[in-house]
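Peer 1: Pasting a structure here, questions to come.
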2 protein chains.
Amino acid sequence: MGQAVLDERKMKILQAIIRNYLETGEPVGSRTISKYTDLNLSSATIRNEMADLEELGYILQPHTSAGRIPSDKGYRLYVDHMMADKEREVNEMKEMLLEKEEKMERLLQQAARVLATNTNYAAMISAPQIVGNKLKFIQLTKVDAGQLLAVIVVEGNVIKNEMFSVEEELSDETVLKLNILLNTQLGGLSVNEISLGMISAMKQQAGIHSGIVGDVIDAVAGAITSDEDLEIYTSGANNIFRYPELADQKRASELITTFEEKQELTQIVQETLSDDENTGIKVYIGDETPVQHMRDCSVVTATYELGEGMKGTIGIIGPKRMDYEKAVGSLKTVMTQLEEIYKKKQ
Amino acid sequence: MGQAVLDERKMKILQAIIRNYLETGEPVGSRTISKYTDLNLSSATIRNEMADLEELGYILQPHTSAGRIPSDKGYRLYVDHMMADKEREVNEMKEMLLEKEEKMERLLQQAARVLATNTNYAAMISAPQIVGNKLKFIQLTKVDAGQLLAVIVVEGNVIKNEMFSVEEELSDETVLKLNILLNTQLGGLSVNEISLGMISAMKQQAGIHSGIVGDVIDAVAGAITSDEDLEIYTSGANNIFRYPELADQKRASELITTFEEKQELTQIVQETLSDDENTGIKVYIGDETPVQHMRDCSVVTATYELGEGMKGTIGIIGPKRMDYEKAVGSLKTVMTQLEEIYKKKQ
DNA sequence: TATTAGCACTCTATCGAAATGAGTGCTAAC
DNA sequence: GTTAGCACTCATTTCGATAGAGTGCTAATA
């Protein structure tokens with residue numbers, strides 16, 4: 001009984017099994033494959049090969065007398081090796097149209113929606129993180145006797161507001177001075193370039209208002225780095241109901257919660273952005289996904305980049321029998337479109 | 001055969017039916033009621049009364065040999081007349097804690113979450129609309145050669161940003177002048193107080209920059225009145241899975257979509273805010289709800305008001321067999337807490 | 001030696017009949 | 001007016017039989 005090896009024929013059979021399963025969602029049997037492929041093999045032969053494939057861990061049987069379904073390992077092989085030559089077709093995919101939108105948030109929401117309706121999977125998209133981006137300017141304004149408003153504009157025209165209270169009443173003149181101080185010192189710098197030394201130097205320059213300078217800088221840092229408010233837009237969560245294997249009460253409820261609360265989705269963003277050497281598309285299958293409740297899903301993500309360092313994540317979440325080619329294609333299209341729209345806006 | 005009338009005993013029986021159905025979600029039979037109430041009537045008598053109640057339209061039978069469930073009309077009667085004397089108990093409800101939050105949006109999100117976890121229904125909350133509110137000030141800033149940023153602060157410290165392009169390059173001086181012009185003319189006014197006459201007068205004053213003034217005013221109006229971006233926060237959509245009558249694929253999918261897209265939820269807000277004479281709690285049962293996909297739900301809403309004219313809507317969405325008392329109580333508590341937190345923040 | 005036909009076997013899904021049981025409506029007695 | 005009792009209805013559950021899909025194995029075949 002020679003050790004089973006994954007030769008070319010087995011690959012073809014595995015591929016056929018996966019393709020078929022992606023379409024139907026049903027376990028696929030030997031007879032189906034025997035007709036499906038151009039190998040012209042009888043179902044019996046296929047059965048033998050399938051037994052081997054199972055032994056190798058690429059497919060599995062839900063129960064004794066059922067057909068086979070791909071295992072996570074099987075999907076993985078498929079995504080890594082068998083999909084590549086299909087990619088040409090993908091680009092023929094009909095163009096999705098993202099209308100130019102004034103506000104970033106609306107644009108992203110729209111992108112998520114396009115993605116979801118186009119793929120029939122759930123889609124998420126994170127607003128670009130602006131870490132590493134440069135401050136365009138800071139504007140301090142007195143709103144009330146005891147309240148200051150800091151408007152912070154970062155490269156890429158991302159605007160942040162931060163309101164905070166000060167004990168001492170400030171004159172208009174003082175505010176003007178502070179504005180000048182802040183802008184000359186901080187303008188053009190990225191957040192990580194702001195050193196403690198600079199801060200203390202600025203405080204010194206600010207004299208009696210050093211406290212405020214500290215507050216403002218904190219506010220700036222807070223507004224820019226806060227990843228707590230990492231905005232995530234989602235769409236098409238309801239698509240999970242299209243796939244019976246995800247649509248049972250328990251799973252559906254968990255997934256819906258995940259999408260609504262969005263908290264857990266940040267893990268996907270983190271995971272995707274962390275690995276910076278890989279610029280392209282990532283596919284997480286089953287247990288590989290960073291999010292606990294997506295054990296029965298696959299997640300396909302891409303990183304988009306608007307200008308320098310403004311990175312965000314787009315993701316598609318669907319069943320493991322996802323149409324990976326389509327998912328990857330859609331993701332690429334949206335990614336590209338986002339980047340182009342941004343360029344034009346600049 | 002005397003025309004059936006809703007006498008006191010029938011009321012009691014109806015009440016018992018509804019109470020029981022709220023708990024169990026199952027049709028309730030005559031025998032149950034015969035034990036449940038202190039009326040000491042046999043099941044046969046109850047049956048007769050139930051037949052009358054059905055004839056009167058307060059209850060209905062899912063099928064011939066099933067117990068009775070409340071009709072919309074029955075729920076309506078219950079909410080309007082039978083619930084009142086229970087309200088005392090409600091106030092004993094354990095205090096929900098809303099932590100003070102710097103940012104309004106976070107506070108509202110938290111409120112929604114509290115509401116949802118506390119009631120086990122879905123919760124929504126709309127950010128206060130600022131129509132009718134006064135402009136505190138406007139700040140125009142040059143961001144780039146061709147781009148202006150307008151920061152608009154409205155009473156209640158709500159901040160809006162609007163970015164727009166201008167063809168002509170403006171000098172710092174001009175921007176300063178425009179700022180002064182805008183603030184002196186518009187400061188302290190509410191949006192509906194800004195008349196066309198004023199606008200043309202301002203344009204005249206602005207001379208060659210009249211175009212920009214127009215743009216800015218449009219931006220202001222847009223930023224303030226835009227109800228397209230009526231922000232709505234939701235939580236606990238997954239709670240619908242707790243109620244079998246809402247948890248089937250079709251219904252669940254529709255509801256989930258409604259919560260995710262949020263678009264349709266604005267109808268609830270509109271409906272709630274439109275009727276301004278009624279300050280308090282509103283209950284929409286079944287077909288009464290403004291949202292198509294909530295035909296099988298009940299919606300309980302309340303209007304909260306932060307300062308002058310800053311009104312928003314809180315709502316609970318659940319099954320028709322909702323615990324109305326608890327819903328109303330929770331809503332009131334959250335409403336009050338929101339208003340108090342706002343007061344303290346001022 | 002690799003492939004295939006054939007067959008026994010396994011397991012799920014489906015279908016229908018029967019049993020169950022909750023609940024009603026009606027009638028007659030109290 | 002109330003109640004006991006009974007026949008009836010109808011959804012739900014249960015159970016066994018059946019069908020069908022698919023496998024694994026063996027023996028025949030090229």
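Residues in the structure tokens are numbered from 1 in each chain, the chains being A, B, ... in the order shown, and ligands are numbered from 1 in the order shown.
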What would chain B look like once superposed on chain A, with the fit done by least squares over all C-alpha atoms paired in order? Give it as a tab-separated table (two decimals) with C-alpha atoms, in the first residue's frame.
Peer 2:
```
chain	number	residue	atom	x	y	z
B	1	MET	CA	0.43	0.12	0.07
B	2	GLY	CA	2.42	2.99	-1.40
B	3	GLN	CA	2.11	6.29	0.38
B	4	ALA	CA	-0.48	8.41	-1.38
B	5	VAL	CA	0.93	11.39	-3.23
B	6	LEU	CA	-0.81	14.37	-4.72
B	7	ASP	CA	-0.19	13.76	-8.38
B	8	GLU	CA	-1.70	15.70	-11.22
B	9	ARG	CA	-4.79	13.59	-11.55
B	10	LYS	CA	-5.60	13.95	-7.90
B	11	MET	CA	-5.23	17.68	-8.28
B	12	LYS	CA	-7.71	17.70	-11.10
B	13	ILE	CA	-10.17	15.66	-9.14
B	14	LEU	CA	-9.76	17.83	-6.09
B	15	GLN	CA	-10.30	20.89	-8.21
B	16	ALA	CA	-13.44	19.39	-9.67
B	17	ILE	CA	-14.73	18.56	-6.22
B	18	ILE	CA	-14.14	22.06	-4.96
B	19	ARG	CA	-15.60	23.75	-8.02
B	20	ASN	CA	-18.69	21.66	-7.73
B	21	TYR	CA	-19.02	22.22	-4.04
B	22	LEU	CA	-18.65	25.97	-4.47
B	23	GLU	CA	-21.63	25.91	-6.76
B	24	THR	CA	-23.95	23.63	-4.95
B	25	GLY	CA	-22.97	23.67	-1.30
B	26	GLU	CA	-23.76	19.96	-1.21
B	27	PRO	CA	-21.26	17.18	-0.61
B	28	VAL	CA	-20.17	15.87	-3.97
B	29	GLY	CA	-20.04	12.21	-4.82
B	30	SER	CA	-17.83	10.14	-7.05
B	31	ARG	CA	-20.36	9.71	-9.79
B	32	THR	CA	-20.79	13.43	-10.18
B	33	ILE	CA	-17.08	13.90	-10.64
B	34	SER	CA	-16.84	11.01	-13.04
B	35	LYS	CA	-19.19	12.86	-15.37
B	36	TYR	CA	-18.07	16.37	-14.48
B	37	THR	CA	-14.43	16.08	-15.51
B	38	ASP	CA	-12.92	15.35	-18.89
B	39	LEU	CA	-10.74	12.65	-17.38
B	40	ASN	CA	-13.17	9.93	-18.40
B	41	LEU	CA	-12.77	7.86	-15.34
B	42	SER	CA	-15.39	5.67	-13.77
B	43	SER	CA	-16.90	6.53	-10.47
B	44	ALA	CA	-15.05	3.62	-8.92
B	45	THR	CA	-11.69	5.04	-9.85
B	46	ILE	CA	-12.72	8.41	-8.60
B	47	ARG	CA	-13.72	6.77	-5.37
B	48	ASN	CA	-10.27	5.33	-4.96
B	49	GLU	CA	-8.69	8.67	-5.62
B	50	MET	CA	-11.07	10.35	-3.26
B	51	ALA	CA	-10.11	7.94	-0.54
B	52	ASP	CA	-6.51	8.99	-1.09
B	53	LEU	CA	-7.40	12.66	-1.10
B	54	GLU	CA	-9.20	12.17	2.16
B	55	GLU	CA	-6.20	10.39	3.62
B	56	LEU	CA	-4.09	13.35	2.53
B	57	GLY	CA	-6.45	15.69	4.32
B	58	TYR	CA	-7.75	17.71	1.40
B	59	ILE	CA	-11.34	16.58	1.60
B	60	LEU	CA	-13.59	15.09	4.21
B	61	GLN	CA	-16.83	13.27	4.62
B	62	PRO	CA	-19.59	14.81	6.72
B	63	HIS	CA	-20.78	11.29	7.44
B	64	THR	CA	-20.10	7.81	6.20
B	65	SER	CA	-22.39	7.61	3.26
B	66	ALA	CA	-22.14	11.18	2.08
B	67	GLY	CA	-20.06	12.71	-0.65
B	68	ARG	CA	-16.94	14.70	0.08
B	69	ILE	CA	-16.50	18.34	0.89
B	70	PRO	CA	-13.26	20.31	0.81
B	71	SER	CA	-11.38	20.68	4.07
B	72	ASP	CA	-9.74	23.95	5.01
B	73	LYS	CA	-6.50	22.48	3.72
B	74	GLY	CA	-8.23	21.70	0.44
B	75	TYR	CA	-9.52	25.22	0.06
B	76	ARG	CA	-6.09	26.51	0.91
B	77	LEU	CA	-4.49	24.51	-1.87
B	78	TYR	CA	-7.17	25.66	-4.23
B	79	VAL	CA	-6.71	29.30	-3.40
B	80	ASP	CA	-2.94	29.14	-3.49
B	81	HIS	CA	-2.35	27.00	-6.55
B	82	MET	CA	-5.37	26.20	-8.57
B	83	MET	CA	-6.98	29.56	-8.90
B	84	ALA	CA	-4.20	31.53	-10.51
B	85	ASP	CA	-4.83	30.63	-14.11
B	86	LYS	CA	-8.38	31.74	-13.77
B	87	GLU	CA	-7.55	35.28	-12.97
B	88	ARG	CA	-7.75	36.48	-16.51
B	89	GLU	CA	-11.45	35.84	-16.63
B	90	VAL	CA	-11.92	37.85	-13.52
B	91	ASN	CA	-10.87	41.08	-15.09
B	92	GLU	CA	-13.71	40.77	-17.49
B	93	MET	CA	-16.00	41.25	-14.57
B	94	LYS	CA	-18.36	44.04	-15.19
B	95	GLU	CA	-17.15	47.32	-13.85
B	96	MET	CA	-18.75	48.36	-10.67
B	97	LEU	CA	-19.48	51.95	-10.48
B	98	LEU	CA	-18.54	53.99	-7.53
B	99	GLU	CA	-19.81	57.46	-7.86
B	100	LYS	CA	-17.57	60.21	-6.77
B	101	GLU	CA	-18.70	61.35	-3.41
B	102	GLU	CA	-17.76	64.43	-1.53
B	103	LYS	CA	-17.56	62.80	1.81
B	104	MET	CA	-15.20	60.01	2.43
B	105	GLU	CA	-17.58	58.17	4.72
B	106	ARG	CA	-20.30	58.09	2.15
B	107	LEU	CA	-17.90	56.87	-0.47
B	108	LEU	CA	-16.77	54.02	1.72
B	109	GLN	CA	-20.28	53.07	2.65
B	110	GLN	CA	-21.15	52.99	-0.99
B	111	ALA	CA	-18.11	50.88	-1.77
B	112	ALA	CA	-19.15	48.36	0.82
B	113	ARG	CA	-22.61	48.23	-0.64
B	114	VAL	CA	-21.34	47.74	-4.16
B	115	LEU	CA	-19.11	44.97	-3.01
B	116	ALA	CA	-21.87	43.21	-1.14
B	117	THR	CA	-24.48	43.39	-3.85
B	118	ASN	CA	-21.97	42.36	-6.46
B	119	THR	CA	-20.69	39.30	-4.70
B	120	ASN	CA	-23.65	38.29	-2.56
B	121	TYR	CA	-21.38	38.07	0.41
B	122	ALA	CA	-21.02	40.39	3.35
B	123	ALA	CA	-18.61	43.25	2.87
B	124	MET	CA	-16.69	45.47	5.20
B	125	ILE	CA	-14.40	48.36	4.68
B	126	SER	CA	-12.35	50.29	7.16
B	127	ALA	CA	-11.77	53.99	6.90
B	128	PRO	CA	-8.13	54.71	6.17
B	129	GLN	CA	-5.99	55.02	9.21
B	130	ILE	CA	-3.98	58.14	9.26
B	131	VAL	CA	-1.11	56.99	11.36
B	132	GLY	CA	2.09	58.11	9.77
B	133	ASN	CA	0.34	60.89	8.00
B	134	LYS	CA	1.30	64.46	8.23
B	135	LEU	CA	-0.48	67.24	9.97
B	136	LYS	CA	-1.61	69.86	7.57
B	137	PHE	CA	-2.71	72.27	10.20
B	138	ILE	CA	-4.27	72.73	13.56
B	139	GLN	CA	-6.76	75.35	14.44
B	140	LEU	CA	-7.65	76.24	17.98
B	141	THR	CA	-10.82	78.19	18.55
B	142	LYS	CA	-12.56	79.46	21.57
B	143	VAL	CA	-16.10	78.22	21.51
B	144	ASP	CA	-17.18	79.25	24.94
B	145	ALA	CA	-15.74	80.74	28.05
B	146	GLY	CA	-14.31	77.44	29.14
B	147	GLN	CA	-14.21	75.43	25.97
B	148	LEU	CA	-11.75	75.11	23.14
B	149	LEU	CA	-12.30	73.47	19.82
B	150	ALA	CA	-9.35	71.99	18.01
B	151	VAL	CA	-9.79	71.34	14.32
B	152	ILE	CA	-7.07	69.14	12.97
B	153	VAL	CA	-6.56	68.64	9.28
B	154	VAL	CA	-4.30	65.86	8.16
B	155	GLU	CA	-2.84	65.22	4.77
B	156	GLY	CA	-5.49	63.75	2.58
B	157	ASN	CA	-7.93	66.29	3.94
B	158	VAL	CA	-9.11	64.18	6.77
B	159	ILE	CA	-10.62	66.40	9.38
B	160	LYS	CA	-10.89	65.70	13.07
B	161	ASN	CA	-12.54	67.74	15.75
B	162	GLU	CA	-11.73	67.59	19.37
B	163	MET	CA	-13.44	69.66	21.98
B	164	PHE	CA	-12.02	70.16	25.44
B	165	SER	CA	-12.46	72.30	28.47
B	166	VAL	CA	-9.92	74.63	29.97
B	167	GLU	CA	-10.04	76.08	33.42
B	168	GLU	CA	-8.52	79.44	32.66
B	169	GLU	CA	-10.27	81.84	30.41
B	170	LEU	CA	-8.17	82.66	27.40
B	171	SER	CA	-8.01	85.89	25.48
B	172	ASP	CA	-8.39	85.93	21.73
B	173	GLU	CA	-4.84	87.02	21.51
B	174	THR	CA	-3.58	84.05	23.46
B	175	VAL	CA	-5.50	81.71	21.26
B	176	LEU	CA	-3.96	83.30	18.21
B	177	LYS	CA	-0.51	82.89	19.68
B	178	LEU	CA	-1.14	79.30	20.51
B	179	ASN	CA	-2.33	78.71	17.00
B	180	ILE	CA	0.81	80.10	15.54
B	181	LEU	CA	2.94	78.15	17.95
B	182	LEU	CA	1.20	74.89	17.22
B	183	ASN	CA	1.26	75.29	13.51
B	184	THR	CA	4.83	76.35	13.14
B	185	GLN	CA	6.03	73.57	15.42
B	186	LEU	CA	3.83	70.73	14.36
B	187	GLY	CA	2.81	71.51	10.81
B	188	GLY	CA	4.10	68.97	8.34
B	189	LEU	CA	5.04	66.46	10.97
B	190	SER	CA	3.56	63.04	11.34
B	191	VAL	CA	2.39	61.88	14.70
B	192	ASN	CA	5.29	59.61	15.36
B	193	GLU	CA	7.68	62.44	14.63
B	194	ILE	CA	6.40	64.45	17.53
B	195	SER	CA	8.88	63.77	20.27
B	196	LEU	CA	8.60	64.37	23.94
B	197	GLY	CA	11.45	66.83	23.63
B	198	MET	CA	9.47	68.92	21.23
B	199	ILE	CA	6.51	68.90	23.48
B	200	SER	CA	8.40	70.13	26.47
B	201	ALA	CA	10.08	72.78	24.34
B	202	MET	CA	6.68	73.97	23.17
B	203	LYS	CA	5.32	73.98	26.66
B	204	GLN	CA	8.19	76.18	27.70
B	205	GLN	CA	7.46	78.59	24.90
B	206	ALA	CA	3.85	78.70	25.87
B	207	GLY	CA	4.74	79.90	29.35
B	208	ILE	CA	1.78	80.02	31.63
B	209	HIS	CA	-0.35	78.27	29.04
B	210	SER	CA	1.81	75.20	28.99
B	211	GLY	CA	-1.05	73.19	30.41
B	212	ILE	CA	-3.18	73.97	27.45
B	213	VAL	CA	-0.45	73.09	25.00
B	214	GLY	CA	-0.20	69.72	26.64
B	215	ASP	CA	-3.91	69.25	26.40
B	216	VAL	CA	-3.98	70.24	22.78
B	217	ILE	CA	-1.18	67.90	21.87
B	218	ASP	CA	-2.90	65.11	23.70
B	219	ALA	CA	-6.04	65.92	21.79
B	220	VAL	CA	-4.15	65.89	18.53
B	221	ALA	CA	-2.55	62.60	19.32
B	222	GLY	CA	-5.88	61.26	20.49
B	223	ALA	CA	-7.72	62.38	17.42
B	224	ILE	CA	-5.19	60.91	15.09
B	225	THR	CA	-4.06	57.69	16.64
B	226	SER	CA	-7.26	56.62	18.28
B	227	ASP	CA	-7.95	53.32	16.72
B	228	GLU	CA	-10.86	52.88	19.03
B	229	ASP	CA	-12.85	54.88	16.60
B	230	LEU	CA	-11.49	52.98	13.68
B	231	GLU	CA	-14.55	53.41	11.54
B	232	ILE	CA	-15.80	50.36	9.79
B	233	TYR	CA	-18.55	50.29	7.23
B	234	THR	CA	-20.40	47.13	6.46
B	235	SER	CA	-23.01	45.98	4.05
B	236	GLY	CA	-24.81	42.84	3.07
B	237	ALA	CA	-24.72	41.07	6.39
B	238	ASN	CA	-28.05	39.61	5.40
B	239	ASN	CA	-26.32	37.75	2.60
B	240	ILE	CA	-25.27	35.10	5.06
B	241	PHE	CA	-28.83	33.84	4.87
B	242	ARG	CA	-28.14	32.74	1.33
B	243	TYR	CA	-25.86	30.03	2.59
B	244	PRO	CA	-27.60	27.38	4.64
B	245	GLU	CA	-24.39	26.39	6.38
B	246	LEU	CA	-24.25	29.85	7.95
B	247	ALA	CA	-27.92	30.57	8.29
B	248	ASP	CA	-28.82	28.56	11.34
B	249	GLN	CA	-29.91	30.56	14.33
B	250	LYS	CA	-26.77	30.29	16.36
B	251	ARG	CA	-24.30	31.09	13.66
B	252	ALA	CA	-26.44	33.76	12.06
B	253	SER	CA	-27.00	35.48	15.35
B	254	GLU	CA	-23.31	35.52	16.13
B	255	LEU	CA	-22.34	36.79	12.74
B	256	ILE	CA	-24.98	39.47	12.76
B	257	THR	CA	-23.79	40.66	16.12
B	258	THR	CA	-20.24	40.75	14.87
B	259	PHE	CA	-21.28	42.91	11.97
B	260	GLU	CA	-23.42	45.18	14.02
B	261	GLU	CA	-20.99	45.76	16.83
B	262	LYS	CA	-18.06	46.05	14.44
B	263	GLN	CA	-15.68	45.80	17.34
B	264	GLU	CA	-14.41	42.41	16.34
B	265	LEU	CA	-14.02	43.40	12.76
B	266	THR	CA	-11.12	45.59	13.72
B	267	GLN	CA	-9.18	42.40	14.24
B	268	ILE	CA	-9.43	41.72	10.56
B	269	VAL	CA	-8.18	45.18	9.79
B	270	GLN	CA	-5.33	44.83	12.24
B	271	GLU	CA	-4.38	41.46	10.88
B	272	THR	CA	-4.48	42.65	7.31
B	273	LEU	CA	-2.51	45.80	7.88
B	274	SER	CA	0.05	44.24	10.19
B	275	ASP	CA	1.69	42.15	7.54
B	276	ASP	CA	3.05	45.01	5.48
B	277	GLU	CA	5.30	43.09	3.15
B	278	ASN	CA	2.33	41.49	1.55
B	279	THR	CA	0.61	44.23	-0.40
B	280	GLY	CA	-2.04	42.18	-2.07
B	281	ILE	CA	-4.99	40.02	-1.39
B	282	LYS	CA	-5.25	37.75	1.58
B	283	VAL	CA	-7.52	34.83	2.09
B	284	TYR	CA	-8.38	33.44	5.49
B	285	ILE	CA	-10.12	30.12	5.43
B	286	GLY	CA	-12.13	28.78	8.33
B	287	ASP	CA	-10.02	28.59	11.43
B	288	GLU	CA	-7.49	30.94	9.93
B	289	THR	CA	-9.72	33.96	10.30
B	290	PRO	CA	-8.82	36.42	13.03
B	291	VAL	CA	-12.39	36.61	14.23
B	292	GLN	CA	-13.65	33.89	16.48
B	293	HIS	CA	-17.19	33.92	15.19
B	294	MET	CA	-16.14	33.44	11.62
B	295	ARG	CA	-14.78	29.96	12.07
B	296	ASP	CA	-17.19	28.70	9.47
B	297	CYS	CA	-16.53	31.48	7.03
B	298	SER	CA	-13.82	32.56	4.73
B	299	VAL	CA	-12.57	36.09	4.70
B	300	VAL	CA	-10.89	37.71	1.76
B	301	THR	CA	-9.20	41.01	2.34
B	302	ALA	CA	-7.27	43.64	0.46
B	303	THR	CA	-5.42	46.71	1.55
B	304	TYR	CA	-6.05	49.93	-0.23
B	305	GLU	CA	-3.74	52.87	0.02
B	306	LEU	CA	-4.66	56.45	-0.60
B	307	GLY	CA	-1.57	58.54	-0.92
B	308	GLU	CA	1.19	58.05	1.60
B	309	GLY	CA	0.38	55.88	4.56
B	310	MET	CA	-3.38	56.21	4.35
B	311	LYS	CA	-4.18	52.57	4.45
B	312	GLY	CA	-7.47	50.86	4.89
B	313	THR	CA	-8.84	47.40	4.55
B	314	ILE	CA	-11.57	46.01	2.37
B	315	GLY	CA	-12.95	42.63	3.13
B	316	ILE	CA	-15.45	40.08	1.97
B	317	ILE	CA	-16.92	37.60	4.38
B	318	GLY	CA	-18.74	34.59	3.08
B	319	PRO	CA	-19.04	30.86	3.41
B	320	LYS	CA	-15.99	28.69	3.01
B	321	ARG	CA	-17.40	27.62	-0.32
B	322	MET	CA	-17.03	31.16	-1.48
B	323	ASP	CA	-16.38	31.91	-5.11
B	324	TYR	CA	-12.84	32.96	-4.39
B	325	GLU	CA	-12.13	34.12	-7.87
B	326	LYS	CA	-15.03	36.46	-7.94
B	327	ALA	CA	-14.29	37.70	-4.45
B	328	VAL	CA	-10.71	38.49	-5.30
B	329	GLY	CA	-11.71	40.13	-8.54
B	330	SER	CA	-14.35	42.32	-6.96
B	331	LEU	CA	-12.01	43.30	-4.21
B	332	LYS	CA	-9.37	44.34	-6.68
B	333	THR	CA	-11.81	46.35	-8.70
B	334	VAL	CA	-13.15	48.25	-5.75
B	335	MET	CA	-9.66	48.78	-4.39
B	336	THR	CA	-8.50	50.25	-7.65
B	337	GLN	CA	-11.55	52.42	-8.01
B	338	LEU	CA	-11.17	53.79	-4.53
B	339	GLU	CA	-7.57	54.70	-5.19
B	340	GLU	CA	-8.43	56.34	-8.46
B	341	ILE	CA	-11.27	58.38	-7.08
B	342	TYR	CA	-8.99	59.58	-4.35
B	343	LYS	CA	-6.35	60.61	-6.84
B	344	LYS	CA	-8.84	62.64	-8.84
B	345	LYS	CA	-10.12	64.33	-5.73
B	346	GLN	CA	-6.70	65.52	-4.70
```
Peer 1: Kindly determine which residues of chain C lie within 7 Å of chain A, considering only C-alpha atoms (C1' of nucleotides), and give the answer as JSON, numbers by chain.
Peer 2: {"C": [3, 4, 10, 11]}
Peer 1: Check stretch 65-274 of chain A with DSSP on the backbone and list each residue it calls helix (DSSP H, G or I), as an MDAnalysis selection string.
Peer 2: chainID A and resid 72:82 84:90 104:119 172:186 191:193 196:225 237:242 249:261 265:274
Peer 1: Counting only C-alpha atoms (C1' of nucleotides), figure out which residue out of C:DA8, C:DG21, C:DC15, C:DT1 gets nearest to D:DA17.
Peer 2: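 Going through C:DA8, C:DG21, C:DC15, C:DT1 one by one, the smallest distance to D:DA17 is for C:DC15.
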Peer 1: Please check the contacts: residues of chain D at most 12 Å away from chain A, using only C-alpha atoms (C1' of nucleotides), listed as a list in words.
Peer 2: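 On the chain D side, the interface is DG20, DA21, DG22, DT23, DG24 and DC25 of chain D.
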